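A quick write-up on the structure given underneath.
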Amino acid sequence: MKVRKAVIPAAGFGTRFLPATKSMPKEMLTIVDRPAIHYNVEELIEAGIEDILIIIGRNKEEIANYFDRSPELELLLKEGGKEELYELTERISNMANIHYVRQKDAKGLGHAVLCAKTFVGDEPFALLLGDDLVHATVPCIKQLTDMYDKYESTIIGVQTVEKNQVNKYGIVDGVKVEDHLYEVKGLVEKPSVEEAPSNVAIMGRYVLTPDIFEMIEKTAPGKGGEIQLTDALMLLNEEKGIYAFEFEGKRYDTGDKLGYLIATVEYALRNEELSTDFRDYLKTII
Ligand code: UTP
């Protein structure tokens with residue numbers, strides 16, 4: 001079955017980006033001229049997925065407002081002859097079929113994904129973390145859905161990281177079965193450098209089969225009382241087997257201050273309107 005639906009969890013507190021995230025969802029932090037989550041919705045559309053569920057929480061209405069219509073602004077732009085800006089604004093509210101559900105308590109990524117159970121039904125689905133961006137020639141999710149079409153099994157998006165960074169990620173213990181593809185033997189959440197079975201890290205992009213919901217329901221809360229998706233994936237791996245695919249592309253963690261700054265600079269340098277002037281400016285200060 002083709003992947004037709006996607007879920008974007010965006011209900012976390014974003015404590016790494018306080019105080020901005022006190023009232024502003026981290027997924028709404030602007031990268032150049034649009035919020036991070038806009039790039040993720042674009043990635044899904046480019047991958048042919050237009051039914052999207054965003055998991056929100058309290059203080060996250062800004063996300064729904066952004067993808068809604070802005071009749072007054074649209075009228076103002078139209079009457080002011082600002083046709084291009086009018087079209088841009090109007091297009092955002094028609095980008096995709098976006099649905100919302102509230103995670104009432106931020107009890108972890110696994111718990112957030114469980115909130116998508118009714119929306120997903122009995123289909124495979126794509127999962128993208130709202131604050132993780134991937135710039136790639138072929139949209140990252142498309143790379144994963146292509147692999148899903150071949151193996152019809154859960155696929156986790158991974159990339160290799162520096163050995164000293166393994167303690168920030170879920171790490172895969174796997175056996176290579178073809179170029180860029182591993183059969184997962186085990187997963188370890190944020191291991192120490194000494195304990196890490198590899199430097200292959202889970203990177204915020206997944207294609208999951210609906211079996212994941214039963215596994216999340218069986219998963220006991222872990223660190224900080226949160227239900228971890230990685231724990232549920234481990235159960236799924238024991239029962240059905242899962243794969244990890246090393247996708248092509250540059251990934252940015254915009255929920256982290258340094259990651260956010262790196263994304264801002266690199267997306268600005270790729271922006272047609274800004275790149276020349278911005279590059280010249282950077283040269284003067286570095
Ligand atoms: P993070 O690990 O980045 O968690 O979640 P966080 O709590 O938002 O951020 P920090 O670490 O405190 O700064 C990864 C993704 O899962 C979502 C987040 O919104 C983010 O997109 N998430 C996390 C939820 O939707 N619900 C949760 O309970 C936890």
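Letters A, B, ... go to the chains of the structure tokens in the order shown; residues in each chain start at 1; ligands are counted from 1 in the same order.
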Sorted by chain and rising residue number, list the residues of chain A at most 7 Å from ligand 1 (counting only C-alpha atoms and all ligand atoms), each with its closest atom pair and distance in Å to one decimal, as a Markdown table.
| residue | atom | partner | partner_atom_place_in_ligand_line | distance |
| --- | --- | --- | --- | --- |
| A:Pro9 | CA | ligand 1 | 25 (O) | 4.0 |
| A:Ala10 | CA | ligand 1 | 19 (O) | 3.4 |
| A:Ala11 | CA | ligand 1 | 25 (O) | 3.5 |
| A:Gly12 | CA | ligand 1 | 8 (O) | 3.2 |
| A:Phe13 | CA | ligand 1 | 7 (O) | 4.4 |
| A:Gly14 | CA | ligand 1 | 13 (O) | 3.5 |
| A:Thr15 | CA | ligand 1 | 12 (O) | 3.6 |
| A:Arg16 | CA | ligand 1 | 13 (O) | 3.6 |
| A:Phe17 | CA | ligand 1 | 13 (O) | 5.9 |
| A:Ile55 | CA | ligand 1 | 25 (O) | 5.9 |
| A:Ile56 | CA | ligand 1 | 25 (O) | 6.6 |
| A:Gln103 | CA | ligand 1 | 26 (N) | 6.9 |
| A:Asp105 | CA | ligand 1 | 28 (O) | 6.7 |
| A:Ala106 | CA | ligand 1 | 28 (O) | 3.2 |
| A:Lys107 | CA | ligand 1 | 28 (O) | 4.2 |
| A:Gly108 | CA | ligand 1 | 28 (O) | 3.4 |
| A:Leu109 | CA | ligand 1 | 29 (C) | 4.3 |
| A:His111 | CA | ligand 1 | 28 (O) | 6.4 |
| A:Ala112 | CA | ligand 1 | 26 (N) | 4.8 |
| A:Leu129 | CA | ligand 1 | 21 (O) | 4.3 |
| A:Gly130 | CA | ligand 1 | 21 (O) | 4.2 |
| A:Asp131 | CA | ligand 1 | 21 (O) | 5.2 |
| A:Gly255 | CA | ligand 1 | 13 (O) | 6.0 |
| A:Asp256 | CA | ligand 1 | 13 (O) | 6.8 |
Excluding segment 178-184 of chain A and residues on its chain fewer than 3 positions from it, collect all residues at most 8 Å away from it, counting only C-alpha atoms, and give them as a PyMOL selection string. chain A and resi 172-175+187+237+241-247
Write to file, as a PDB file, in the first residue's frame, the residues of the selection just made, with N, CA, C and O atoms.
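part20.pdb, written as the output of this step:
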ATOM      1  N   VAL A 172      21.565   3.132  15.979  1.00  0.00           N
ATOM      2  CA  VAL A 172      21.152   1.867  15.374  1.00  0.00           C
ATOM      3  C   VAL A 172      22.284   0.850  15.402  1.00  0.00           C
ATOM      4  O   VAL A 172      23.420   1.163  15.039  1.00  0.00           O
ATOM      5  N   ASP A 173      21.937  -0.355  15.836  1.00  0.00           N
ATOM      6  CA  ASP A 173      22.844  -1.488  15.703  1.00  0.00           C
ATOM      7  C   ASP A 173      22.281  -2.262  14.510  1.00  0.00           C
ATOM      8  O   ASP A 173      21.185  -2.821  14.611  1.00  0.00           O
ATOM      9  N   GLY A 174      22.982  -2.246  13.389  1.00  0.00           N
ATOM     10  CA  GLY A 174      22.377  -2.853  12.206  1.00  0.00           C
ATOM     11  C   GLY A 174      23.356  -3.613  11.325  1.00  0.00           C
ATOM     12  O   GLY A 174      24.565  -3.535  11.506  1.00  0.00           O
ATOM     13  N   VAL A 175      22.796  -4.353  10.378  1.00  0.00           N
ATOM     14  CA  VAL A 175      23.601  -5.098   9.402  1.00  0.00           C
ATOM     15  C   VAL A 175      23.225  -4.567   8.032  1.00  0.00           C
ATOM     16  O   VAL A 175      22.033  -4.503   7.688  1.00  0.00           O
ATOM     17  N   LEU A 187      18.332  -1.012  18.920  1.00  0.00           N
ATOM     18  CA  LEU A 187      18.371   0.456  18.982  1.00  0.00           C
ATOM     19  C   LEU A 187      18.763   0.839  20.405  1.00  0.00           C
ATOM     20  O   LEU A 187      18.305   0.215  21.358  1.00  0.00           O
ATOM     21  N   ASN A 237      10.632  -3.997  16.323  1.00  0.00           N
ATOM     22  CA  ASN A 237      11.737  -4.712  15.690  1.00  0.00           C
ATOM     23  C   ASN A 237      11.768  -6.174  16.135  1.00  0.00           C
ATOM     24  O   ASN A 237      11.981  -7.074  15.315  1.00  0.00           O
ATOM     25  N   GLY A 241      10.552  -6.817  12.733  1.00  0.00           N
ATOM     26  CA  GLY A 241      11.760  -6.425  12.006  1.00  0.00           C
ATOM     27  C   GLY A 241      11.576  -5.067  11.348  1.00  0.00           C
ATOM     28  O   GLY A 241      10.511  -4.774  10.803  1.00  0.00           O
ATOM     29  N   ILE A 242      12.573  -4.230  11.468  1.00  0.00           N
ATOM     30  CA  ILE A 242      12.510  -2.910  10.819  1.00  0.00           C
ATOM     31  C   ILE A 242      13.838  -2.619  10.118  1.00  0.00           C
ATOM     32  O   ILE A 242      14.840  -3.286  10.373  1.00  0.00           O
ATOM     33  N   TYR A 243      13.839  -1.605   9.251  1.00  0.00           N
ATOM     34  CA  TYR A 243      15.042  -1.226   8.513  1.00  0.00           C
ATOM     35  C   TYR A 243      15.421   0.213   8.838  1.00  0.00           C
ATOM     36  O   TYR A 243      14.572   1.010   9.257  1.00  0.00           O
ATOM     37  N   ALA A 244      16.694   0.529   8.603  1.00  0.00           N
ATOM     38  CA  ALA A 244      17.165   1.911   8.744  1.00  0.00           C
ATOM     39  C   ALA A 244      17.772   2.315   7.413  1.00  0.00           C
ATOM     40  O   ALA A 244      18.589   1.566   6.852  1.00  0.00           O
ATOM     41  N   PHE A 245      17.349   3.452   6.888  1.00  0.00           N
ATOM     42  CA  PHE A 245      17.844   3.894   5.581  1.00  0.00           C
ATOM     43  C   PHE A 245      18.626   5.190   5.731  1.00  0.00           C
ATOM     44  O   PHE A 245      18.146   6.166   6.302  1.00  0.00           O
ATOM     45  N   GLU A 246      19.872   5.165   5.210  1.00  0.00           N
ATOM     46  CA  GLU A 246      20.734   6.339   5.280  1.00  0.00           C
ATOM     47  C   GLU A 246      20.364   7.277   4.134  1.00  0.00           C
ATOM     48  O   GLU A 246      20.730   7.020   2.985  1.00  0.00           O
ATOM     49  N   PHE A 247      19.568   8.296   4.437  1.00  0.00           N
ATOM     50  CA  PHE A 247      19.088   9.172   3.371  1.00  0.00           C
ATOM     51  C   PHE A 247      20.146  10.182   2.959  1.00  0.00           C
ATOM     52  O   PHE A 247      21.074  10.500   3.720  1.00  0.00           O
TER      53      PHE A 247
END
Leaving out Pro210 of chain A and any residue of its chain fewer than 6 positions from it, which residues lie within 7 Å of it when counting only C-alpha atoms, given as a ChimeraX atom specification? /A:122-124
I need the residue nearest Glu61 of chain A from this list: A:Ile31, A:Leu75, A:Ile92, A:Val101. Use only C-alpha atoms for the distance. A:Val101
Please, which residues of segment 45-135 of chain A, numbered as in this document, come out helix (DSSP H, G or I) from DSSP, as JSON, numbers by chain? {"A": [45, 46, 61, 62, 63, 64, 65, 66, 67, 71, 72, 73, 74, 75, 76, 77, 78, 79, 83, 84, 85, 86, 87, 88, 89, 90, 91, 92, 93, 109, 110, 111, 112, 113, 114, 117, 118, 119, 120]}
